[in-house]
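The structure under discussion appears below in the form of structure tokens.
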Amino acid sequence: MSAAAVDIDARAAGLGLFEKWLSVWVAAAILAGIALGNLAPGMLASLAAVEFASVNLIVAVLIWAMIFPMMVAVDFGAIRRVGGKPKGLVITLVVNWLVKPFTMAALGVLFFEIVFADLIAPADAQQYIAGLILLGAAPCTAMVFVWSQLTKGDPAYTLVQVAANDLIMIVAFAPLVALLLGVTDIAVPWETLLLSIALYVVLPLAAGAIVRHRLLATHGGDEAAVSAFTGRIKPLSIIGLLLTVLLLFGFQAEAIVARPLLIALIAVPIVIQSYGIFLIAYGWAKAWKVPHAVAAPCALIGTSNFFELAVAVAIGLFGLGSGAALATVVGVLVEVPVMLSLVAIANRTKSGFPAG
């Protein structure tokens with residue numbers, strides 16, 4: 001097939017060539033990150049040190065670039081109508097808070113105390129289980145806007161789902177982690193939690209609302225102006241994603257090369273959990289006849305993790321070089337490839353859901 005024909009097919013499907021081959025670009029970014037982290041560790045260490053309250057500010061800027069187009073697309077009138085169709089929100093909250101943390105803890109025990117018992121020392125196993133619990137109790141705040149955008153999710157509904165999770169996380173994260181870890185002195189890094197919510201939800205939403213209002217005001221209220229604007233800046237979203245992937249893998253490149261088997265062992269329960277949670281939420285949404293624009297983000301929110309919070313708590317509780325901290329970092333490394341595969345599944349199965 002000629003390049004022109006491929007371009008026509010991609011446009012017909014609503015995707016540019018860059019998005020159509022996104023998995024290839026992400027794979028290249030992963031390899032580039034690992035290579036750069038091992039060839040220029042000093043440079044990556046300097047970039048990793050640009051942080052406040054355990055939130056890397058460079059990654060924060062890149063995530064802003066990723067989610068800003070979706071924030072411009074948010075229709076505040078549609079937010080007010082979310083209460084009339086609560087099914088997607090119910091699924092999100094039940095799966096995130098009554099299913100996901102407990103299945104992650106169960107998988108951690110299964111693999112590190114039984115399946116991998118001969119490969120990992122018992123003390124190390126407990127550390128890895130703790131790290132998995134921290135991941136399971138922290139639903140995604142930022143990256144889910146990217147996954148929603150790639151599945152053509154409803155921007156307003158996705159925002160409400162994320163906001164509801166954030167509000168619950170503020171009050172439920174520490175008690176839930178304390179229960180599952182069997183400890184009572186959980187020190188929640190409030191700076192990390194609140195700063196992340198501000199950086200990844202409040203500020204980009206406010207900026208998006210201002211830009212949207214300006215576009216509508218200067219184009220007589222025509223929504224086409226908003227669509228044209230988000231279409232023009234959408235490449236920034238993909239570039240932001242690729243640079244984020246490159247940096248995340250670059251930051252952990254030495255650990256990946258030095259301990260590949262251990263990384264793979266820790267990744268097993270995380271991958272199983274990711275696909276399992278997605279199938280539970282997505283299958284439930286299908287059974288409830290939830291429109292695809294709500295069902296896909298609903299399932300992806302539960303699958304993705306708030307890795308900044310999980311990593312920060314693991315370091316605070318167990319130390320920078322602990323197995324718990326390593327497990328949360330592996331969660332970061334696994335997330336992007338797994339989430340891209342789930343985005344592909346969601347897009348291929350769209351026809352099985354109501355259009356809404």
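Chain lettering (A, B, ...) mirrors the order of the structure tokens, residue numbering begins at 1 for each chain separately, and ligand numbering begins at 1 in order of display.
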Could you build a table of the residues in stretch 40-151 of chain A lying no more than 7 Å from stretch 271-286 of chain A, giving for each the nearest pair of atoms and their separation in Å rounded to one decimal place, using only C-alpha atoms, ordered by chain and ascending residue number, as a Markdown table?
| residue | atom | partner | partner_atom | distance |
| --- | --- | --- | --- | --- |
| A:Gly88 | CA | A:Ala285 | CA | 7.0 |
| A:Ile91 | CA | A:Ala281 | CA | 6.4 |
| A:Val95 | CA | A:Ala281 | CA | 6.7 |
| A:Lys100 | CA | A:Ile277 | CA | 6.8 |
| A:Met104 | CA | A:Gln273 | CA | 6.4 |
Can you list every residue in stretch 72-186 of chain A that DSSP puts in helix (DSSP H, G or I), as a ChimeraX atom specification?
/A:72-73,76-80,82-84,87-115,122-136,144-150,155-181
Identify, on the basis of only C-alpha atoms, every residue whose closest approach to A:Gln161 does not exceed 9 Å; exclude the query and any residue fewer than 6 positions from it along the same chain; express the result as number ranges by chain.
A: 88-89, 92-93, 297-298, 301
For the residues selected in the previous step, produce a file with N, CA, C and O atoms as a compact mmCIF listing (two decimals), in the first residue's frame.
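File produced: selection_33.txt:
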# COMPACT_ATOMS: atom_id res chain seq x y z
N GLY A 88 -21.51 5.10 34.88
CA GLY A 88 -20.06 5.10 34.69
C GLY A 88 -19.33 5.52 35.95
O GLY A 88 -18.27 4.96 36.29
N LEU A 89 -19.87 6.48 36.66
CA LEU A 89 -19.25 6.94 37.90
C LEU A 89 -19.32 5.87 38.99
O LEU A 89 -18.36 5.66 39.73
N THR A 92 -16.67 3.22 38.22
CA THR A 92 -15.34 3.74 38.54
C THR A 92 -15.05 3.67 40.03
O THR A 92 -14.00 3.17 40.46
N LEU A 93 -15.98 4.16 40.84
CA LEU A 93 -15.74 4.25 42.28
C LEU A 93 -15.74 2.88 42.94
O LEU A 93 -14.91 2.61 43.82
N PRO A 297 -13.03 5.29 29.32
CA PRO A 297 -12.30 5.97 30.40
C PRO A 297 -12.60 5.39 31.77
O PRO A 297 -11.72 5.31 32.63
N CYS A 298 -13.84 4.95 31.98
CA CYS A 298 -14.24 4.36 33.25
C CYS A 298 -13.36 3.16 33.59
O CYS A 298 -12.88 3.00 34.72
N ILE A 301 -9.44 4.30 34.03
CA ILE A 301 -9.09 4.99 35.27
C ILE A 301 -8.69 3.98 36.34
O ILE A 301 -7.70 4.16 37.05
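The smallest atom-to-atom distance between A:Met143 and any of A:Gly302, A:Pro86, A:Pro122, A:Pro41, using only C-alpha atoms, is found for A:Gly302.
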12 Å contact set for A:Leu36, only C-alpha atoms, chain neighbours under 3 positions out, as a VMD selection string
chain A and resid 28 to 33 39 to 45 246 to 254
List the neighbours of A:Val146 out to 10 Å using only C-alpha atoms; skip same-chain residues closer than 2 positions along the sequence, and give me the result as a PyMOL selection string.
chain A and resi 63+65-70+142-144+148-153+237-238+241+297
Which polymer residues have any atom within 12 Å of an atom of A:Val115, counting only C-alpha atoms, with same-chain residues fewer than 5 positions away left out, as a ChimeraX atom specification?
/A:107-110,120,125,265-266,268-269
With N, CA and C atoms kept, could you save the residues just selected as a PDB file, in the first residue's frame?
ATOM      1  N   LEU A 107      -2.991 -10.586  44.856  1.00  0.00           N
ATOM      2  CA  LEU A 107      -2.034 -11.023  43.838  1.00  0.00           C
ATOM      3  C   LEU A 107      -0.603 -10.929  44.356  1.00  0.00           C
ATOM      4  N   GLY A 108      -0.314  -9.886  45.128  1.00  0.00           N
ATOM      5  CA  GLY A 108       1.021  -9.753  45.709  1.00  0.00           C
ATOM      6  C   GLY A 108       1.358 -10.924  46.608  1.00  0.00           C
ATOM      7  N   VAL A 109       0.426 -11.290  47.474  1.00  0.00           N
ATOM      8  CA  VAL A 109       0.633 -12.439  48.374  1.00  0.00           C
ATOM      9  C   VAL A 109       0.779 -13.723  47.568  1.00  0.00           C
ATOM     10  N   LEU A 110      -0.084 -13.905  46.583  1.00  0.00           N
ATOM     11  CA  LEU A 110      -0.050 -15.125  45.771  1.00  0.00           C
ATOM     12  C   LEU A 110       1.312 -15.309  45.096  1.00  0.00           C
ATOM     13  N   ILE A 120      12.682 -15.442  45.802  1.00  0.00           N
ATOM     14  CA  ILE A 120      12.780 -14.178  46.522  1.00  0.00           C
ATOM     15  C   ILE A 120      12.787 -14.435  48.026  1.00  0.00           C
ATOM     16  N   ALA A 125      10.114 -10.201  49.847  1.00  0.00           N
ATOM     17  CA  ALA A 125       8.761 -10.440  49.353  1.00  0.00           C
ATOM     18  C   ALA A 125       7.760  -9.508  50.022  1.00  0.00           C
ATOM     19  N   LEU A 265       9.770 -10.162  37.462  1.00  0.00           N
ATOM     20  CA  LEU A 265       8.966 -10.838  38.483  1.00  0.00           C
ATOM     21  C   LEU A 265       7.959  -9.881  39.114  1.00  0.00           C
ATOM     22  N   ILE A 266       8.401  -8.684  39.434  1.00  0.00           N
ATOM     23  CA  ILE A 266       7.500  -7.708  40.042  1.00  0.00           C
ATOM     24  C   ILE A 266       6.414  -7.292  39.051  1.00  0.00           C
ATOM     25  N   VAL A 268       4.891  -9.096  36.849  1.00  0.00           N
ATOM     26  CA  VAL A 268       3.865 -10.119  36.565  1.00  0.00           C
ATOM     27  C   VAL A 268       2.536  -9.818  37.252  1.00  0.00           C
ATOM     28  N   PRO A 269       2.490  -9.679  38.593  1.00  0.00           N
ATOM     29  CA  PRO A 269       1.187  -9.390  39.213  1.00  0.00           C
ATOM     30  C   PRO A 269       0.606  -8.040  38.803  1.00  0.00           C
TER      31      PRO A 269
END
Spatial neighbours of A:Leu62, 8 Å, only C-alpha atoms, chain gap at least 6 places, as a list in words:
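Here the qualifying residues turn out to be Gly240, Leu241, Leu243 and Thr244 of chain A.
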Kindly give the distance, in Å, that separates atom CA of A:Phe306 and atom CA of A:Pro175, rounded to a single decimal.
16.8 Å
